[in-house]
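Engineer: Structure: work.txt, compact mmCIF, C-alpha atoms.
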```txt
# COMPACT_ATOMS: atom_id res chain seq x y z
CA MET F 131 -8.77 56.38 1.70
CA LEU F 132 -9.45 55.52 -1.93
CA ALA F 133 -9.54 58.51 -4.29
CA ALA F 134 -12.19 59.17 -6.92
CA SER F 135 -9.61 58.75 -9.66
CA ALA F 136 -8.93 55.18 -8.57
CA LEU F 137 -12.63 54.36 -8.52
CA ALA F 138 -12.98 55.89 -11.98
CA LYS F 139 -10.26 53.60 -13.32
CA THR F 140 -12.18 50.64 -11.93
CA LEU F 141 -15.48 51.78 -13.40
CA ILE F 142 -14.24 52.79 -16.86
CA GLY F 143 -13.59 49.21 -17.88
CA HIS F 144 -17.02 48.01 -16.86
CA SER F 145 -19.34 50.23 -18.85
CA ASP F 146 -19.50 51.46 -22.44
CA PHE F 147 -21.09 54.76 -21.43
CA PHE F 148 -21.75 56.85 -18.35
CA ALA F 149 -24.81 59.04 -17.87
CA VAL F 150 -23.99 61.37 -15.02
CA LEU F 151 -26.10 63.81 -13.06
CA PRO F 152 -24.91 66.95 -11.31
CA ASP F 153 -23.95 66.07 -7.74
CA SER F 154 -21.59 68.04 -5.53
CA LYS F 155 -20.03 64.94 -4.01
CA SER F 156 -19.38 62.89 -7.13
CA THR F 157 -18.03 65.70 -9.29
CA PRO F 158 -14.40 64.54 -8.77
CA LEU F 159 -15.39 61.04 -9.89
CA ILE F 160 -17.14 62.39 -12.96
CA GLU F 161 -14.18 64.60 -13.81
CA SER F 162 -11.90 61.57 -13.47
CA LEU F 163 -14.09 59.59 -15.85
CA ARG F 164 -14.08 62.48 -18.30
CA ALA F 165 -10.29 62.62 -18.11
CA LEU F 166 -10.10 58.92 -18.91
CA ASP F 167 -12.56 58.99 -21.83
CA GLY F 168 -14.80 62.02 -22.12
CA LYS F 169 -16.56 60.74 -25.23
CA ARG F 170 -18.26 58.07 -23.18
CA VAL F 171 -19.52 60.44 -20.50
CA TYR F 172 -22.82 62.29 -20.96
CA GLN F 173 -23.99 64.78 -18.40
CA VAL F 174 -27.76 64.78 -18.27
CA CYS F 175 -29.84 67.29 -16.33
CA ASP F 176 -32.64 65.02 -15.19
CA GLU F 177 -32.54 61.54 -13.70
CA ALA F 178 -35.66 60.34 -15.52
CA THR F 179 -34.08 61.31 -18.83
CA ALA F 180 -30.86 59.59 -17.84
CA VAL F 181 -32.69 56.35 -17.03
CA GLY F 182 -34.34 56.50 -20.45
CA ILE F 183 -31.08 57.12 -22.28
CA ALA F 184 -29.40 54.25 -20.44
CA ALA F 185 -32.31 51.98 -21.38
CA GLY F 186 -31.96 52.92 -25.04
CA LEU F 187 -28.26 52.17 -24.98
CA LEU F 188 -28.97 48.79 -23.44
CA LEU F 189 -31.36 47.98 -26.30
CA ALA F 190 -28.39 48.54 -28.61
CA ASN F 191 -26.28 46.20 -26.51
CA GLN F 192 -24.33 49.03 -24.90
CA THR F 193 -24.02 49.33 -21.15
CA CYS F 194 -24.49 52.66 -19.41
CA LEU F 195 -23.68 53.24 -15.76
CA LEU F 196 -25.85 55.92 -14.19
CA ILE F 197 -24.11 58.11 -11.63
CA MET F 198 -26.32 60.27 -9.46
CA GLU F 199 -26.99 61.42 -5.93
CA SER F 200 -29.27 59.04 -4.03
CA SER F 201 -32.01 61.66 -4.21
CA GLY F 202 -32.00 61.10 -7.96
CA LEU F 203 -33.84 57.84 -7.50
CA ARG F 204 -36.84 59.88 -6.44
CA ARG F 205 -36.70 61.95 -9.60
CA GLY F 206 -36.13 58.94 -11.83
CA PHE F 207 -38.63 56.66 -10.12
CA GLU F 208 -41.45 57.03 -12.65
CA THR F 209 -39.27 56.12 -15.63
CA LEU F 210 -37.35 53.54 -13.62
CA GLY F 211 -40.57 51.90 -12.47
CA ARG F 212 -42.03 51.66 -15.96
CA LEU F 213 -38.92 50.57 -17.82
CA SER F 214 -37.79 48.16 -15.11
CA GLY F 215 -41.10 46.88 -13.83
CA SER F 216 -43.19 46.87 -17.00
CA HIS F 217 -40.54 46.29 -19.65
CA GLY F 218 -37.71 44.50 -17.88
CA ILE F 219 -35.04 46.97 -18.93
CA GLN F 220 -32.83 47.08 -15.87
CA PRO F 221 -30.37 49.88 -15.09
CA ILE F 222 -27.19 49.86 -13.10
CA ILE F 223 -26.79 52.86 -10.84
CA LEU F 224 -24.01 54.24 -8.70
CA ALA F 225 -25.68 56.56 -6.19
CA THR F 226 -23.92 58.85 -3.75
CA ASP F 227 -25.22 57.72 -0.40
CA ARG F 228 -26.46 60.96 1.12
CA GLY F 229 -28.05 61.08 4.53
CA SER F 230 -26.28 58.00 5.84
CA LEU F 231 -24.65 57.93 9.25
CA GLY F 232 -22.21 60.80 9.58
CA ASP F 233 -23.83 63.06 6.99
CA SER F 234 -24.45 66.39 8.74
CA ASP F 235 -26.51 68.03 5.98
CA TRP F 236 -30.10 68.26 7.21
CA TRP F 237 -31.52 68.24 3.68
CA ALA F 238 -29.82 64.96 2.91
CA ALA F 239 -31.50 63.05 5.73
CA ALA F 240 -34.63 62.18 3.75
CA HIS F 241 -32.58 61.05 0.74
CA TYR F 242 -31.38 58.00 2.63
CA SER F 243 -34.72 56.44 3.49
CA HIS F 244 -36.43 57.54 0.29
CA ALA F 245 -33.72 56.16 -1.96
CA ARG F 246 -33.65 52.83 -0.18
CA SER F 247 -37.42 52.55 -0.27
CA ILE F 248 -37.40 53.15 -4.01
CA ALA F 249 -34.62 50.64 -4.57
CA ASP F 250 -36.63 48.15 -2.56
CA ALA F 251 -39.81 48.96 -4.48
CA VAL F 252 -38.18 48.06 -7.79
CA GLY F 253 -36.51 44.98 -6.32
CA ALA F 254 -33.01 46.31 -6.82
CA ARG F 255 -29.96 44.34 -5.73
CA CYS F 256 -27.79 46.70 -3.75
CA ALA F 257 -24.30 46.83 -2.35
CA ASP F 258 -22.35 49.43 -0.41
CA LEU F 259 -19.06 50.98 -1.40
CA THR F 260 -17.70 52.31 1.84
CA PRO F 261 -14.48 54.09 2.76
CA ASP F 262 -13.11 51.09 4.63
CA LEU F 263 -12.77 49.10 1.38
CA ASP F 264 -9.49 48.98 -0.48
CA LEU F 265 -9.27 49.12 -4.26
CA ASN F 266 -9.36 45.36 -4.71
CA GLN F 267 -12.44 45.06 -2.54
CA VAL F 268 -14.13 47.87 -4.46
CA ALA F 269 -13.30 46.13 -7.72
CA ILE F 270 -14.88 42.90 -6.48
CA VAL F 271 -18.11 44.69 -5.55
CA VAL F 272 -18.22 46.52 -8.89
CA GLU F 273 -17.61 43.31 -10.83
CA SER F 274 -20.35 41.56 -8.89
CA ALA F 275 -22.74 44.40 -9.67
CA VAL F 276 -21.88 44.31 -13.36
CA ARG F 277 -22.31 40.54 -13.46
CA HIS F 278 -25.71 40.82 -11.82
CA HIS F 279 -26.70 43.58 -14.22
CA ARG F 280 -26.02 41.25 -17.12
CA SER F 281 -28.78 38.97 -15.87
CA GLN F 282 -31.24 41.79 -16.59
CA GLN F 283 -33.63 40.65 -13.91
CA VAL F 284 -33.65 43.59 -11.52
CA PRO F 285 -31.97 46.99 -11.21
CA VAL F 286 -28.59 47.12 -9.53
CA VAL F 287 -27.67 49.95 -7.18
CA LEU F 288 -24.29 50.66 -5.67
CA TRP F 289 -24.54 53.02 -2.71
CA VAL F 290 -21.24 54.83 -2.65
CA SER F 291 -20.10 56.78 0.39
CA PRO F 292 -19.38 60.41 -0.38
CA GLY F 293 -15.90 59.90 0.97
CA LEU F 294 -15.10 57.58 -1.92
CA VAL F 295 -16.04 60.01 -4.68
CA GLU F 296 -15.41 63.51 -3.37
CA ARG F 297 -11.60 63.41 -3.22
CA ALA F 298 -9.88 63.78 -6.58
CA MET B 274 -53.90 75.53 -37.36
CA ILE B 275 -54.91 71.88 -37.38
CA ASP B 276 -56.01 70.41 -40.66
CA ASP B 277 -57.36 66.97 -41.41
CA LEU B 278 -54.13 65.03 -41.08
CA SER B 279 -54.69 62.02 -38.84
CA THR B 280 -52.13 59.95 -36.99
CA GLU B 281 -52.92 57.08 -39.38
CA ASP B 282 -52.34 59.33 -42.41
CA ALA B 283 -49.08 60.70 -41.01
CA LEU B 284 -47.67 57.30 -40.09
CA ALA B 285 -48.64 56.01 -43.53
CA VAL B 286 -46.49 58.74 -45.10
CA ILE B 287 -43.61 58.15 -42.70
CA CYS B 288 -43.58 54.38 -43.11
CA ALA B 289 -44.02 54.49 -46.90
CA ALA B 290 -41.10 56.83 -47.35
CA ARG B 291 -38.60 54.72 -45.49
CA ARG B 292 -35.76 52.93 -47.16
CA GLY B 293 -32.85 51.21 -45.56
CA ARG B 294 -32.35 49.81 -42.10
CA ARG B 295 -34.37 51.43 -39.37
CA VAL B 296 -36.12 50.83 -36.06
CA TYR B 297 -39.04 52.60 -34.43
CA VAL B 298 -39.57 53.64 -30.82
CA VAL B 299 -43.07 54.72 -29.83
CA GLY B 300 -45.10 55.28 -26.69
CA LEU B 301 -48.61 54.14 -26.05
CA GLY B 302 -52.16 54.72 -27.29
CA ARG B 303 -53.10 55.49 -30.88
CA THR B 304 -49.59 56.19 -32.16
CA ALA B 305 -48.35 52.85 -30.90
CA GLY B 306 -51.40 50.93 -32.06
CA VAL B 307 -51.16 52.27 -35.60
CA LEU B 308 -47.41 51.97 -35.87
CA GLU B 309 -47.25 48.42 -34.56
CA GLN B 310 -49.74 47.37 -37.21
CA ARG B 311 -48.26 49.35 -40.08
CA ALA B 312 -44.47 49.44 -39.75
CA ASP B 313 -42.34 46.97 -41.71
CA ALA B 314 -39.39 47.39 -39.36
CA PRO B 315 -38.86 46.63 -35.66
CA VAL B 316 -41.13 48.66 -33.36
CA LEU B 317 -40.67 49.03 -29.62
CA ALA B 318 -43.89 50.28 -28.02
CA LEU B 319 -43.21 51.52 -24.50
CA ASP B 320 -45.90 51.90 -21.91
CA ALA B 321 -43.94 54.80 -20.58
CA MET B 322 -45.00 58.33 -21.27
CA GLY B 323 -42.25 60.88 -21.03
CA CYS B 324 -39.36 58.64 -21.98
CA VAL B 325 -39.88 57.75 -25.64
CA THR B 326 -37.49 60.46 -26.78
CA SER B 327 -34.94 59.58 -24.08
CA VAL B 328 -34.95 55.89 -24.94
CA ALA B 329 -34.71 56.71 -28.64
CA THR B 330 -31.79 59.02 -27.87
CA GLY B 331 -29.89 56.28 -26.07
CA LEU B 332 -30.72 53.79 -28.78
CA ALA B 333 -29.49 56.18 -31.47
CA VAL B 334 -26.23 56.73 -29.61
CA GLY B 335 -25.83 52.99 -29.21
CA LEU B 336 -26.55 52.32 -32.88
CA ALA B 337 -24.18 55.00 -34.19
CA GLY B 338 -21.89 53.53 -36.78
CA THR B 339 -24.23 50.66 -37.65
CA GLY B 340 -26.11 52.43 -40.43
CA VAL B 341 -29.40 51.88 -38.63
CA GLU B 342 -31.74 54.86 -38.38
CA VAL B 343 -33.84 55.38 -35.27
CA ILE B 344 -37.32 56.81 -35.80
CA ALA B 345 -38.95 58.05 -32.62
CA CYS B 346 -42.70 58.65 -32.57
CA ASP B 347 -43.46 60.69 -29.47
CA THR B 348 -46.49 62.77 -28.57
CA ASP B 349 -47.18 66.27 -27.28
CA GLY B 350 -48.33 65.05 -23.87
CA SER B 351 -45.28 62.88 -23.47
CA ILE B 352 -42.86 65.66 -24.39
CA LEU B 353 -44.60 68.08 -22.04
CA MET B 354 -44.35 65.52 -19.26
CA GLU B 355 -40.58 65.30 -19.61
CA LEU B 356 -39.11 68.37 -21.31
CA GLY B 357 -35.75 67.30 -19.93
CA ALA B 358 -35.73 64.73 -22.72
CA LEU B 359 -35.03 67.55 -25.17
CA ALA B 360 -32.02 68.58 -23.11
CA GLY B 361 -30.83 64.98 -23.10
CA LEU B 362 -31.29 64.78 -26.85
CA ALA B 363 -29.36 68.01 -27.35
CA THR B 364 -26.58 66.70 -25.13
CA CYS B 365 -26.25 63.44 -27.03
CA ALA B 366 -26.82 64.83 -30.52
CA ARG B 367 -23.09 64.94 -31.26
CA SER B 368 -22.94 61.16 -30.98
CA ILE B 369 -25.99 60.38 -33.11
CA ASP B 370 -25.78 59.39 -36.75
CA ARG B 371 -29.46 59.51 -37.55
CA LEU B 372 -32.43 60.03 -35.26
CA ASP B 373 -35.70 61.14 -36.82
CA LEU B 374 -37.98 62.43 -34.07
CA TYR B 375 -41.68 62.94 -34.74
CA VAL B 376 -43.97 64.44 -32.15
CA PHE B 377 -47.62 63.76 -32.90
CA ASP B 378 -49.48 66.75 -31.52
CA ASN B 379 -53.22 66.28 -31.12
CA GLY B 380 -53.48 68.81 -28.31
CA ILE B 381 -55.07 66.32 -25.94
CA TYR B 382 -54.27 63.38 -23.71
CA GLU B 383 -56.29 60.97 -25.80
CA SER B 384 -55.41 57.93 -23.69
CA GLY B 385 -55.88 59.96 -20.55
CA GLY B 386 -59.53 60.78 -21.01
CA GLY B 387 -59.20 63.38 -23.75
CA CYS B 388 -58.36 66.37 -21.59
CA PRO B 389 -56.29 69.14 -23.17
CA SER B 390 -52.53 68.70 -23.13
CA ARG B 391 -52.09 72.41 -22.36
CA PHE B 392 -53.97 75.63 -21.83
CA PHE B 393 -51.56 77.89 -23.71
CA GLU B 394 -50.13 78.28 -27.18
CA LEU B 395 -47.08 76.06 -27.47
CA ASP B 396 -44.46 77.50 -29.81
CA TRP B 397 -42.67 74.31 -30.85
CA GLU B 398 -40.12 76.08 -33.03
CA SER B 399 -39.03 78.30 -30.15
CA LEU B 400 -39.00 75.36 -27.79
CA GLY B 401 -36.64 73.52 -30.11
CA ARG B 402 -34.41 76.56 -30.56
CA ALA B 403 -34.04 76.80 -26.79
CA PHE B 404 -32.27 73.44 -26.92
CA GLY B 405 -30.42 74.07 -30.16
CA LEU B 406 -32.80 71.78 -32.02
CA GLN B 407 -34.54 72.83 -35.21
CA ILE B 408 -38.18 71.80 -35.00
CA ILE B 409 -40.45 72.04 -38.04
CA VAL B 410 -44.23 71.94 -37.58
CA ILE B 411 -46.17 69.97 -40.18
CA THR B 412 -49.90 70.35 -40.76
CA SER B 413 -50.56 68.33 -43.92
CA ALA B 414 -49.60 65.11 -45.61
CA THR B 415 -48.03 67.06 -48.46
CA MET B 416 -45.82 69.02 -46.09
CA LEU B 417 -44.84 65.82 -44.30
CA ASP B 418 -43.97 64.09 -47.55
CA GLN B 419 -41.83 67.06 -48.58
CA ARG B 420 -40.12 67.10 -45.21
CA ILE B 421 -39.26 63.43 -45.40
CA SER B 422 -38.21 63.63 -49.05
CA ALA B 423 -35.87 66.55 -48.42
CA GLY B 424 -32.20 65.97 -49.11
CA ASP B 425 -29.92 63.74 -47.15
CA TRP B 426 -29.39 64.70 -43.54
CA ARG B 427 -27.34 63.52 -40.59
CA GLY B 428 -27.75 63.77 -36.85
CA VAL B 429 -31.09 64.67 -35.31
CA ARG B 430 -34.19 65.79 -37.22
CA CYS B 431 -37.22 67.00 -35.26
CA THR B 432 -40.70 67.29 -36.69
CA VAL B 433 -43.97 68.10 -34.96
CA VAL B 434 -46.97 66.69 -36.82
CA ARG B 435 -50.27 68.29 -35.91
CA VAL B 436 -52.96 65.65 -36.09
CA ASN B 437 -56.71 65.51 -35.69
CA ASN B 438 -58.16 62.05 -35.12
CA GLN B 439 -61.79 61.01 -35.38
CA SER B 440 -61.54 57.23 -35.66
CA PRO B 441 -61.43 54.92 -32.62
CA VAL B 442 -58.04 54.21 -31.08
CA PRO B 443 -56.70 50.96 -32.58
CA SER B 444 -55.61 48.13 -30.34
CA PRO B 445 -51.91 47.50 -29.83
CA VAL B 446 -50.32 44.34 -31.11
CA ILE B 447 -50.95 41.60 -28.60
CA ALA B 448 -47.99 40.63 -26.43
CA ALA B 449 -47.79 38.77 -23.16
CA ASP B 450 -46.38 41.87 -21.52
CA GLY B 451 -43.95 44.72 -21.97
CA ARG B 452 -40.98 42.42 -21.45
CA GLU B 453 -41.95 40.32 -24.45
CA LYS B 454 -42.07 43.46 -26.57
CA VAL B 455 -38.53 44.35 -25.45
CA VAL B 456 -37.16 40.86 -25.99
CA ASN B 457 -38.64 40.71 -29.49
CA PHE B 458 -37.30 44.15 -30.30
CA ILE B 459 -33.79 43.38 -29.06
CA GLY B 460 -33.72 40.23 -31.15
CA ARG B 461 -34.72 42.09 -34.28
CA VAL B 462 -32.24 44.89 -33.61
CA SER B 463 -29.52 42.30 -33.17
CA SER B 464 -30.39 40.66 -36.46
CA ILE B 465 -30.26 44.03 -38.24
CA THR B 466 -26.98 45.18 -36.76
CA GLY B 467 -25.27 41.82 -36.59
CA ARG B 468 -24.31 42.60 -33.02
CA PRO B 469 -24.84 40.03 -30.30
CA ARG B 470 -28.02 40.63 -28.40
CA TRP B 471 -28.15 41.68 -24.77
CA PRO B 472 -27.14 40.33 -22.38
CA ARG B 473 -23.63 39.82 -23.59
CA ALA B 474 -21.79 36.68 -22.64
CA ALA B 475 -20.25 37.22 -19.24
CA LYS B 476 -16.61 38.18 -19.50
CA LEU B 477 -15.81 38.12 -15.85
```
Is it possible to give me this structure as structure tokens?
Structural biologist:
Amino acid sequence: MLAASALAKTLIGHSDFFAVLPDSKSTPLIESLRALDGKRVYQVCDEATAVGIAAGLLLANQTCLLIMESSGLRRGFETLGRLSGSHGIQPIILATDRGSLGDSDWWAAAHYSHARSIADAVGARCADLTPDLDLNQVAIVVESAVRHHRSQQVPVVLWVSPGLVERA
Amino acid sequence: MIDDLSTEDALAVICAARRGRRVYVVGLGRTAGVLEQRADAPVLALDAMGCVTSVATGLAVGLAGTGVEVIACDTDGSILMELGALAGLATCARSIDRLDLYVFDNGIYESGGGCPSRFFELDWESLGRAFGLQIIVITSATMLDQRISAGDWRGVRCTVVRVNNQSPVPSPVIAADGREKVVNFIGRVSSITGRPRWPRAAKL
């Protein structure tokens, strides 16, 4: 299975900055990004704030990949809805896909349906990064997401399986 | 103590004092209406309470090294809605060349029916210190002018301006919608910085 460090190497070339939220599963990925270029990684404590910071960077022609747990879409929904829906500033998000099939944590179950409902509400284009993909296939999905993000028409969300980000 | 400084008065001082390349980020309501009509530099008015400071933070990080100053005009209600923005600002401060944050504190949600913004004494200086940010509270045009005229500074400067408004809320500059405001702003930022405007030409 792909390790977080390999995914980090794929992501680092596709974004100028990374706004990351605390998330038990994606910590190895975040640490890998920090190891590659810590100056481009900002840990923010609130998803709404992170969405705002990413929007500001975009206004300066700098891309910022948001990395959060899927539950973070709930927290960031207000800011996401206003900046995306009312102002057309579209984020690109990599969200740890909690509550999906195989996740045994009871508290994660609601994350799955809530996060997808929110992504649907803002018209996001979504793709899945699952453990069955090899590095080349992951790279293709990431490149497609980045390309779509450049159109600045809708948010882009990559649902990443915990298995892809939790192993260093 | 609130004296007779109005939002219009305060923004007149702020805008008159500015030299050099700069952009403004503001929220909604009176502050946006006045600033859009008065500023002689690009203004992005966001219909998004709670994220003015966050967007300005990201913009300031993105404009580091360009010599462009970001002036954020937030409000007390907006900051109280999203105090996490101060944590985000503190986190990013190391990467910011020049972000001048003003919080216009009228003590009410003027665009939200005029109800109080809080039912307690808000100690802005202590709030700033909690995030490692030095906040100065201004209550007069003279104090504001002195604050702005103070020596050269780098990084993040935070000022709370206590205001008391009696005049009607001015209308915002007409735009088709919030997207047009963003597109216009991005174009003007691009012309100031010389950077290509978003979206970049696809490299893939």
Engineer: Which residue, F:Trp289, F:Trp237, F:Tyr172, F:Phe148, has the smallest gap to chain B when you use only C-alpha atoms?
Structural biologist: F:Tyr172
Engineer: Would you give me, as a ChimeraX atom specification, the residues of chain B that come within 8 Å of chain F, using all atoms listed in the file?
Structural biologist: /B:319-321,323-325,327-336,355,357-358,360-361,364-365,450-455,459,462-463,468-473,475,477
Engineer: Would you list the contacts of F:Leu263 as a PyMOL selection string, taking every protein, DNA or RNA residue within 10 Å and counting only C-alpha atoms, but skipping same-chain residues closer than 4 positions in sequence?
Structural biologist: chain F and resi 131-132+258-259+267-269+271+294
Engineer: B:Ile352: which residues within 12 Å, counting only C-alpha atoms, same-chain residues fewer than 3 positions away excluded, as an NGL selection string?
Structural biologist: (:F and (179)) or (:B and (300 or 321-327 or 345-349 or 355-360 or 362 or 374-378 or 380 or 382 or 390-391 or 395 or 397 or 400-401 or 433))
Engineer: Ranking B:Ile465, B:Leu372, B:Ile447, B:Val434 by minimum distance to B:Arg294 and counting all atoms listed in the file, which one comes first?
Structural biologist: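 Among B:Ile465, B:Leu372, B:Ile447, B:Val434, it is B:Ile465 that comes nearest to B:Arg294.
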Engineer: Suppose you want the space between atom CA of B:Val410 and atom CA of B:Arg430; what is it in Å?
Structural biologist: 11.8 Å
Engineer: Would you mind telling me which residue in B:Asn379, B:Thr466, B:Ser351, B:Ser384 lies nearest to B:Pro443 when using all atoms listed in the file?
Structural biologist: B:Ser384
Engineer: Just to confirm, what's the straight-line distance from atom CA of B:Gly293 to atom CA of B:Ile408 in Å (one decimal)?
Structural biologist: 23.7 Å
Engineer: Report, in Å to a single decimal, how far apart atom CA of F:Pro292 and atom CA of F:Ala238 are.
Structural biologist: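 Separation of atom CA of F:Ala238 and atom CA of F:Pro292: 11.9 Å.
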Engineer: Which residue, F:Val286, F:Val272, F:Val295, F:Leu196, has the smallest gap to F:Thr140 when you use all atoms listed in the file?
Structural biologist: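 The answer is F:Val272, which sits nearest to F:Thr140.
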Engineer: Identify which of the residues F:Val284, F:Ala245, F:Leu265, F:Ala136 lies closest to F:Gly206, counting all atoms listed in the file when measuring atom-to-atom distances.
Structural biologist: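 Closest residue, counting all atoms listed in the file: F:Ala245.
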Engineer: How big is the axis-aligned box, and where does its centre sit, when it encloses all atoms of stretch 156-170 of chain F listed in the file and has 8 Å added on every side, reported in Å to one decimal as AutoDock Vina command-line options?
Structural biologist:
```
--center_x -14.7 --center_y 61.9 --center_z -16.2 --size_x 25.3 --size_y 23.6 --size_z 34.1
```
Engineer: Name the closest residue to F:Ala249 among the candidates F:Ala225, F:Asp233, F:Ile270, F:Asp264; distances are taken between atoms, counting only C-alpha atoms.
Structural biologist: F:Ala225
Engineer: Counting all atoms listed in the file, find residues at most 10 Å from (-25.3, 48.8, 0.3) (file frame) and give them as a list in words.
Structural biologist: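 Result, sorted by chain then residue number: Asp227, Arg246, Arg255, Cys256, Ala257, Asp258, Leu259, Thr260, Val287, Leu288, Trp289, Val290 and Ser291 of chain F.
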Engineer: Show which residues sit within 12 Å of B:Trp426, as a PyMOL selection string. Count all atoms listed in the file, and ignore same-chain residues fewer than 4 positions away.
Structural biologist: chain B and resi 342+369-373+420-422+430-431
Engineer: For the selection just defined, write its residues with C-alpha atoms to a file, as a CSV table (one decimal), keeping the file's coordinate frame.
Structural biologist:
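So the final result, stored in part.csv, reads:
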```
chain,number,residue,atom,x,y,z
B,342,GLU,CA,-31.7,54.9,-38.4
B,369,ILE,CA,-26.0,60.4,-33.1
B,370,ASP,CA,-25.8,59.4,-36.8
B,371,ARG,CA,-29.5,59.5,-37.6
B,372,LEU,CA,-32.4,60.0,-35.3
B,373,ASP,CA,-35.7,61.1,-36.8
B,420,ARG,CA,-40.1,67.1,-45.2
B,421,ILE,CA,-39.3,63.4,-45.4
B,422,SER,CA,-38.2,63.6,-49.0
B,430,ARG,CA,-34.2,65.8,-37.2
B,431,CYS,CA,-37.2,67.0,-35.3
```
Engineer: List every protein, DNA or RNA residue that has at least one atom no more than 12 Å from (-11.9, 65.0, -13.9) in the file's coordinates, counting only C-alpha atoms, and write the result as a PyMOL selection string.
Structural biologist: chain F and resi 133-139+156-168+171+295-298
Engineer: Could you get me a file of stretch 131-147 of chain F with N, CA and C atoms, as a PDB file, in the first residue's frame, taken from the block above?
Structural biologist:
```pdb
ATOM      1  N   MET F 131       0.844  -1.202   0.000  1.00  0.00           N
ATOM      2  CA  MET F 131       0.000   0.000   0.000  1.00  0.00           C
ATOM      3  C   MET F 131       0.875   1.246   0.000  1.00  0.00           C
ATOM      4  N   LEU F 132       0.399   2.270  -0.697  1.00  0.00           N
ATOM      5  CA  LEU F 132       1.114   3.533  -0.809  1.00  0.00           C
ATOM      6  C   LEU F 132       1.312   4.151   0.581  1.00  0.00           C
ATOM      7  N   ALA F 133       2.475   4.743   0.808  1.00  0.00           N
ATOM      8  CA  ALA F 133       2.747   5.390   2.086  1.00  0.00           C
ATOM      9  C   ALA F 133       2.472   6.882   1.978  1.00  0.00           C
ATOM     10  N   ALA F 134       2.253   7.501   3.130  1.00  0.00           N
ATOM     11  CA  ALA F 134       1.954   8.934   3.164  1.00  0.00           C
ATOM     12  C   ALA F 134       3.084   9.751   2.544  1.00  0.00           C
ATOM     13  N   SER F 135       4.303   9.291   2.737  1.00  0.00           N
ATOM     14  CA  SER F 135       5.447  10.036   2.198  1.00  0.00           C
ATOM     15  C   SER F 135       5.405  10.092   0.671  1.00  0.00           C
ATOM     16  N   ALA F 136       4.952   9.028   0.056  1.00  0.00           N
ATOM     17  CA  ALA F 136       4.848   9.022  -1.406  1.00  0.00           C
ATOM     18  C   ALA F 136       3.751   9.968  -1.871  1.00  0.00           C
ATOM     19  N   LEU F 137       2.633   9.968  -1.167  1.00  0.00           N
ATOM     20  CA  LEU F 137       1.550  10.892  -1.509  1.00  0.00           C
ATOM     21  C   LEU F 137       2.015  12.337  -1.323  1.00  0.00           C
ATOM     22  N   ALA F 138       2.771  12.584  -0.271  1.00  0.00           N
ATOM     23  CA  ALA F 138       3.279  13.938  -0.027  1.00  0.00           C
ATOM     24  C   ALA F 138       4.153  14.408  -1.184  1.00  0.00           C
ATOM     25  N   LYS F 139       4.984  13.534  -1.699  1.00  0.00           N
ATOM     26  CA  LYS F 139       5.855  13.901  -2.826  1.00  0.00           C
ATOM     27  C   LYS F 139       5.032  14.237  -4.067  1.00  0.00           C
ATOM     28  N   THR F 140       3.899  13.567  -4.204  1.00  0.00           N
ATOM     29  CA  THR F 140       3.014  13.880  -5.331  1.00  0.00           C
ATOM     30  C   THR F 140       2.342  15.232  -5.131  1.00  0.00           C
ATOM     31  N   LEU F 141       1.917  15.485  -3.905  1.00  0.00           N
ATOM     32  CA  LEU F 141       1.167  16.721  -3.636  1.00  0.00           C
ATOM     33  C   LEU F 141       2.053  17.958  -3.647  1.00  0.00           C
ATOM     34  N   ILE F 142       3.289  17.829  -3.201  1.00  0.00           N
ATOM     35  CA  ILE F 142       4.134  19.007  -2.960  1.00  0.00           C
ATOM     36  C   ILE F 142       4.363  19.812  -4.241  1.00  0.00           C
ATOM     37  N   GLY F 143       4.335  19.121  -5.369  1.00  0.00           N
ATOM     38  CA  GLY F 143       4.578  19.826  -6.617  1.00  0.00           C
ATOM     39  C   GLY F 143       3.341  20.470  -7.206  1.00  0.00           C
ATOM     40  N   HIS F 144       2.219  20.273  -6.568  1.00  0.00           N
ATOM     41  CA  HIS F 144       0.957  20.750  -7.131  1.00  0.00           C
ATOM     42  C   HIS F 144       0.330  21.900  -6.366  1.00  0.00           C
ATOM     43  N   SER F 145       0.964  22.362  -5.318  1.00  0.00           N
ATOM     44  CA  SER F 145       0.386  23.467  -4.564  1.00  0.00           C
ATOM     45  C   SER F 145       1.512  24.331  -4.000  1.00  0.00           C
ATOM     46  N   ASP F 146       1.270  25.649  -3.977  1.00  0.00           N
ATOM     47  CA  ASP F 146       2.277  26.551  -3.412  1.00  0.00           C
ATOM     48  C   ASP F 146       2.310  26.450  -1.892  1.00  0.00           C
ATOM     49  N   PHE F 147       1.115  26.283  -1.305  1.00  0.00           N
ATOM     50  CA  PHE F 147       1.005  26.232   0.154  1.00  0.00           C
ATOM     51  C   PHE F 147       0.052  25.112   0.559  1.00  0.00           C
TER      52      PHE F 147
END
```
